[in-house]
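To keep things clear, I will list the structure first and then write my remarks on it.
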Amino acid sequence: MTSFDSSPPLATWRALLAVAVVFVMLATTGWTAVRHQSPDEPRAAALAAWARGRLAGHPLPDADASPHRVARFFAALTAEQRTALADRYPLVVGNLNGVPVTLRYHANRRALTEARAVEGKRVHDVRLSPDGRAEALRRMDRFRSMLAGGRHILAFDPSGKGRAAEVFGDLDRAERISVVVPGVDTNLLTLERPAPKVNAAPVGMAKSLYAAERAARPGTRTAVIAWADYTAPAGIGVDAALGNLAERGAVRLKSLVDALPGGSPVSLFCHSYGSVLCGVAAHELPARVTDIAVAGSPGMRVERAAQLRTGARVWATRDHGDWIEDVPNLEFGGLGHGADPVEPSFGARVVAAGDAVGHSGYFEPGTESLDNFAAIGVGAYGSVSCAASDRTCQADVAHDRAA
């Protein structure tokens with residue numbers, strides 16, 4: 001008599017498990033999906049004005065033109081013409097890849113000044129709810145902080161929840177460039193955080209890494225970018241379990257890297273959902289990206305590092321107390337982000353992070369994880385401390401040390 005196995009196939013069980021995990025998160029922890037972003041009024045208005053603009057009778061380049069074309073256009077202008085464009089269209093020039101770095105800093109200071117004035121008026125708008133006025137006040141304070149002397153804002157868009165990027169060091173003269181790609185809940189209001197969470201926010205992460213890189217190799221000119229210039233999931237819910245926002249962010253990350261000045265090596269440090277974005281972007285990034293390091297990663301949307309199709313070294317780390325370890329590493333029907341990058345079968349170089357303390361502690365000064373990131377960022381690969389279980393990483397580092 002023939003017997004029939006009525007149990008669902010393994011793929012079905014995996015799909016059911018993934019869906020169940022997401023809904024348990026939503027029901028029991030209050031984690032939420034990203035809300036629809038409010039219309040990008042300031043940016044949209046600026047782009048419309050730019051599209052109608054003329055300079056000496058000639059149209060301005062498309063705002064989505066390649067960084068190379070934008071760079072050629074601005075190189076042909078006089079200093080006065082460049083400054084005039086930055087002053088007239090700050091929300092465009094300050095976010096336009098290919099524009100000289102110092103001109104972007106100038107444009108973004110002007111855009112920040114205007115945005116702060118807008119929020120200052122909203123604070124006193126009697127039509128706003130108390131919550132609306134409180135948010136306007138927080139935004140005004142954030143913009144005031146970003147206008148502090150000496151800060152180099154590479155990107156700024158106040159539309160919706162907002163996006164930004166900040167540079168530490170001299171980007172034009174840097175011999176090594178690092179880009180910090182943060183994860184969920186990244187927006188203008190979370191760009192910086194007060195103690196004790198200073199180094200859990202994008203600016204704190206980048207400042208901490210910049211200081212560690214300078215300490216690791218004082219003779220090397222470095223620059224670090226806090227790159228909060230993409231729309232990240234709000235909370236760890238459905239959007240964080242999907243790759244849509246990572247795919248859109250990957251386009252923006254590629255544009256940033258393509259526009260970086262000079263030809264110095266670039267290292268990416270991708271935290272949490274930021275590692276999903278870096279995984280999606282990896283195969284399209286230029287060869288100057290020599291290292292991709294992920295921390296607290298839910299996956300990079302591949303099963304093995306080789307599938308990233310990049311010539312960059314791929315590094316991974318996770319602290320033993322990081323809750324991300326309990327998130328199932330699978331991908332089915334677009335849900336989930338694939339294999340765990342710290343698993344030996346993935347093929348990344350796994351580095352030590354034993355004292356990082358939780359999901360947001362990888363950039364804390366004095367931690368082994370930050371020291372490893374700094375060594376990677378300045379190319380001191382022989383100084384990296386590998387996880388005790390990763391013999392391949394240890395062999396590679398020993399080879400680098402002997403070279």
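Residues in the structure tokens are named by chain (A, B, ... in the order shown) and by number from 1 within that chain; ligands are numbered from 1 in the order shown.
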Show me, as a PyMOL selection string, the residues that have an atom within 10 Å of stretch 343-351 of chain A when counting only C-alpha atoms, minus same-chain residues fewer than 2 positions from it. chain A and resi 292-295+302-307+313-318+339-341+353-354+368-369+372-373+384-394+396-397
I need the chosen residues saved as a compact mmCIF listing (two decimals), in the first residue's frame, with N, CA and C atoms.
# COMPACT_ATOMS: atom_id res chain seq x y z
N ILE A 292 33.99 46.06 2.79
CA ILE A 292 32.62 46.19 3.26
C ILE A 292 32.53 45.44 4.58
N ALA A 293 32.32 46.17 5.67
CA ALA A 293 32.24 45.56 7.00
C ALA A 293 30.83 45.72 7.53
N VAL A 294 30.23 44.62 7.99
CA VAL A 294 28.86 44.68 8.51
C VAL A 294 28.86 44.29 9.98
N ALA A 295 28.01 44.97 10.74
CA ALA A 295 27.90 44.71 12.18
C ALA A 295 26.44 44.58 12.56
N VAL A 302 21.90 37.69 0.30
CA VAL A 302 22.56 36.61 -0.43
C VAL A 302 22.84 35.48 0.57
N GLU A 303 23.18 34.32 0.03
CA GLU A 303 23.49 33.17 0.89
C GLU A 303 24.98 33.03 1.16
N ARG A 304 25.81 33.61 0.27
CA ARG A 304 27.26 33.53 0.43
C ARG A 304 27.89 34.85 -0.01
N ALA A 305 29.01 35.18 0.59
CA ALA A 305 29.68 36.44 0.27
C ALA A 305 30.05 36.53 -1.20
N ALA A 306 30.38 35.40 -1.81
CA ALA A 306 30.75 35.41 -3.23
C ALA A 306 29.62 35.91 -4.11
N GLN A 307 28.37 35.74 -3.66
CA GLN A 307 27.23 36.18 -4.46
C GLN A 307 27.05 37.70 -4.44
N ARG A 313 36.95 43.23 0.18
CA ARG A 313 36.97 42.28 1.29
C ARG A 313 35.66 42.45 2.06
N VAL A 314 35.07 41.34 2.45
CA VAL A 314 33.81 41.38 3.21
C VAL A 314 34.11 40.93 4.63
N TRP A 315 33.79 41.80 5.59
CA TRP A 315 34.02 41.54 7.01
C TRP A 315 32.67 41.52 7.72
N ALA A 316 32.60 40.76 8.80
CA ALA A 316 31.35 40.70 9.57
C ALA A 316 31.67 40.53 11.05
N THR A 317 30.78 41.08 11.87
CA THR A 317 30.96 40.93 13.32
C THR A 317 29.60 41.01 14.02
N ARG A 318 29.52 40.37 15.18
CA ARG A 318 28.32 40.46 15.99
C ARG A 318 28.68 40.16 17.44
N ALA A 339 21.22 34.67 4.48
CA ALA A 339 22.09 34.01 5.44
C ALA A 339 22.74 34.98 6.42
N ASP A 340 23.15 34.42 7.55
CA ASP A 340 23.82 35.18 8.61
C ASP A 340 25.28 35.41 8.20
N PRO A 341 25.71 36.67 8.04
CA PRO A 341 27.08 36.94 7.59
C PRO A 341 28.18 36.45 8.53
N ALA A 353 34.18 41.01 18.42
CA ALA A 353 33.40 42.14 18.96
C ALA A 353 32.85 41.78 20.32
N GLY A 354 33.66 41.09 21.11
CA GLY A 354 33.18 40.54 22.37
C GLY A 354 32.74 41.55 23.40
N GLU A 368 36.69 46.41 21.15
CA GLU A 368 37.45 45.64 20.16
C GLU A 368 36.85 45.83 18.77
N SER A 369 35.53 45.96 18.71
CA SER A 369 34.87 46.13 17.41
C SER A 369 35.31 47.44 16.75
N ASN A 372 38.84 47.24 15.48
CA ASN A 372 38.89 46.48 14.23
C ASN A 372 38.41 47.31 13.05
N PHE A 373 37.33 48.06 13.25
CA PHE A 373 36.84 48.92 12.17
C PHE A 373 37.90 49.94 11.78
N VAL A 384 43.98 43.63 12.63
CA VAL A 384 42.62 43.18 12.91
C VAL A 384 42.64 41.93 13.78
N SER A 385 41.75 41.88 14.78
CA SER A 385 41.63 40.68 15.61
C SER A 385 40.40 39.90 15.15
N CYS A 386 40.64 38.69 14.69
CA CYS A 386 39.57 37.85 14.16
C CYS A 386 38.84 37.13 15.28
N ALA A 387 37.63 36.69 14.98
CA ALA A 387 36.90 35.83 15.92
C ALA A 387 37.69 34.55 16.11
N ALA A 388 37.67 34.03 17.31
CA ALA A 388 38.48 32.85 17.63
C ALA A 388 38.13 31.66 16.75
N SER A 389 36.88 31.59 16.30
CA SER A 389 36.44 30.43 15.53
C SER A 389 36.72 30.53 14.04
N ASP A 390 37.17 31.71 13.57
CA ASP A 390 37.35 31.90 12.13
C ASP A 390 38.81 31.71 11.74
N ARG A 391 39.16 30.50 11.40
CA ARG A 391 40.55 30.18 11.03
C ARG A 391 40.94 30.86 9.72
N THR A 392 39.98 31.00 8.80
CA THR A 392 40.28 31.63 7.52
C THR A 392 40.66 33.08 7.71
N CYS A 393 39.88 33.80 8.52
CA CYS A 393 40.20 35.20 8.82
C CYS A 393 41.58 35.30 9.45
N GLN A 394 41.86 34.43 10.40
CA GLN A 394 43.16 34.46 11.07
C GLN A 394 44.30 34.25 10.09
N ASP A 396 44.22 34.89 6.83
CA ASP A 396 44.31 36.07 5.96
C ASP A 396 45.01 37.22 6.67
N VAL A 397 44.66 37.45 7.93
CA VAL A 397 45.27 38.54 8.68
C VAL A 397 46.76 38.27 8.92
Residues near A:Leu60, anyone? I mean within 10 Å using only C-alpha atoms, not counting same-chain ones fewer than 2 positions away, as a compact mmCIF listing (two decimals) with N, CA and C atoms, in the first residue's frame.
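Contents of selection_3.txt, as written:
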# COMPACT_ATOMS: atom_id res chain seq x y z
N TRP A 50 14.90 74.58 -10.10
CA TRP A 50 16.16 74.25 -10.78
C TRP A 50 15.90 73.86 -12.24
N ALA A 51 14.85 73.07 -12.46
CA ALA A 51 14.54 72.62 -13.83
C ALA A 51 14.20 73.80 -14.74
N ARG A 52 13.65 74.86 -14.17
CA ARG A 52 13.32 76.05 -14.97
C ARG A 52 14.49 77.03 -15.07
N GLY A 53 15.52 76.80 -14.28
CA GLY A 53 16.61 77.76 -14.17
C GLY A 53 17.49 77.84 -15.42
N ARG A 54 18.15 78.97 -15.53
CA ARG A 54 19.09 79.20 -16.64
C ARG A 54 20.33 79.89 -16.09
N LEU A 55 21.45 79.66 -16.76
CA LEU A 55 22.70 80.34 -16.41
C LEU A 55 23.33 80.80 -17.72
N ALA A 56 23.46 82.11 -17.87
CA ALA A 56 23.98 82.70 -19.10
C ALA A 56 23.21 82.21 -20.31
N GLY A 57 21.90 82.06 -20.12
CA GLY A 57 21.03 81.66 -21.22
C GLY A 57 20.97 80.17 -21.46
N HIS A 58 21.73 79.38 -20.73
CA HIS A 58 21.76 77.93 -20.94
C HIS A 58 21.05 77.20 -19.80
N ASP A 62 20.38 68.32 -15.60
CA ASP A 62 19.34 67.59 -14.87
C ASP A 62 19.82 67.24 -13.48
N ALA A 63 18.91 67.30 -12.51
CA ALA A 63 19.27 67.00 -11.13
C ALA A 63 19.66 65.54 -10.95
N VAL A 70 27.78 66.37 -13.91
CA VAL A 70 27.61 67.51 -13.00
C VAL A 70 28.97 68.15 -12.70
N PHE A 73 30.12 70.30 -15.55
CA PHE A 73 29.36 71.56 -15.63
C PHE A 73 29.90 72.58 -14.63
N LEU A 85 24.76 79.94 -7.82
CA LEU A 85 23.86 78.79 -7.94
C LEU A 85 23.60 78.17 -6.57
Between atom CA of A:Arg116 and atom CA of A:Pro100, what is the distance in Å, rounded to a tenth?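 Interatomic distance here is 24.3 Å.
Per DSSP on the backbone, strand (DSSP E) in stretch 239-395 of chain A comprises Val266, Ser267, Leu268, Phe269, Cys270, His271, Val289, Thr290, Asp291, Ile292, Ala293, Val294, Ala295, Arg313, Val314, Trp315, Ala316, Thr317, Arg349 and Val350 of chain A.
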Prev. selection, C-alpha atoms, output as a PDB file, in the first residue's frame:
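So again_11.pdb came out as:
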ATOM      1  CA  VAL A 266      36.799  53.561   0.344  1.00  0.00           C
ATOM      2  CA  SER A 267      35.583  51.337   3.193  1.00  0.00           C
ATOM      3  CA  LEU A 268      31.912  50.858   4.070  1.00  0.00           C
ATOM      4  CA  PHE A 269      30.811  50.203   7.660  1.00  0.00           C
ATOM      5  CA  CYS A 270      27.227  49.014   7.543  1.00  0.00           C
ATOM      6  CA  HIS A 271      25.199  48.570  10.719  1.00  0.00           C
ATOM      7  CA  VAL A 289      35.509  50.249  -2.500  1.00  0.00           C
ATOM      8  CA  THR A 290      38.043  47.891  -0.972  1.00  0.00           C
ATOM      9  CA  ASP A 291      36.211  46.803   2.186  1.00  0.00           C
ATOM     10  CA  ILE A 292      32.620  46.192   3.258  1.00  0.00           C
ATOM     11  CA  ALA A 293      32.244  45.561   6.998  1.00  0.00           C
ATOM     12  CA  VAL A 294      28.864  44.675   8.506  1.00  0.00           C
ATOM     13  CA  ALA A 295      27.898  44.712  12.185  1.00  0.00           C
ATOM     14  CA  ARG A 313      36.969  42.282   1.292  1.00  0.00           C
ATOM     15  CA  VAL A 314      33.814  41.381   3.206  1.00  0.00           C
ATOM     16  CA  TRP A 315      34.022  41.544   7.005  1.00  0.00           C
ATOM     17  CA  ALA A 316      31.347  40.697   9.567  1.00  0.00           C
ATOM     18  CA  THR A 317      30.963  40.934  13.325  1.00  0.00           C
ATOM     19  CA  ARG A 349      36.059  37.464   7.479  1.00  0.00           C
ATOM     20  CA  VAL A 350      34.545  37.359  10.976  1.00  0.00           C
TER      21      VAL A 350
END
Near A:Gly274, within 7 Å and counting only C-alpha atoms, which residues show up once chain neighbours fewer than 3 positions away are dropped, as a list in words?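 Once the nearby chain positions are removed, what remains is Val181, Pro182, Gly183, Cys270, His271, Leu277 and Cys278 of chain A.
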If you run DSSP over the backbone, which residues in stretch 132-342 of chain A end up alpha helix (DSSP H)? Put them as a PyMOL selection string. chain A and resi 132-146+202-216+238-241+244-259+273-281
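Using only C-alpha atoms, the nearest neighbour of A:Tyr362 within the list A:Met205, A:Ile236, A:Ala226, A:Val198 is A:Met205.
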re atom CA of A:Phe168 and atom CA of A:Glu284: distance 25.4 Å
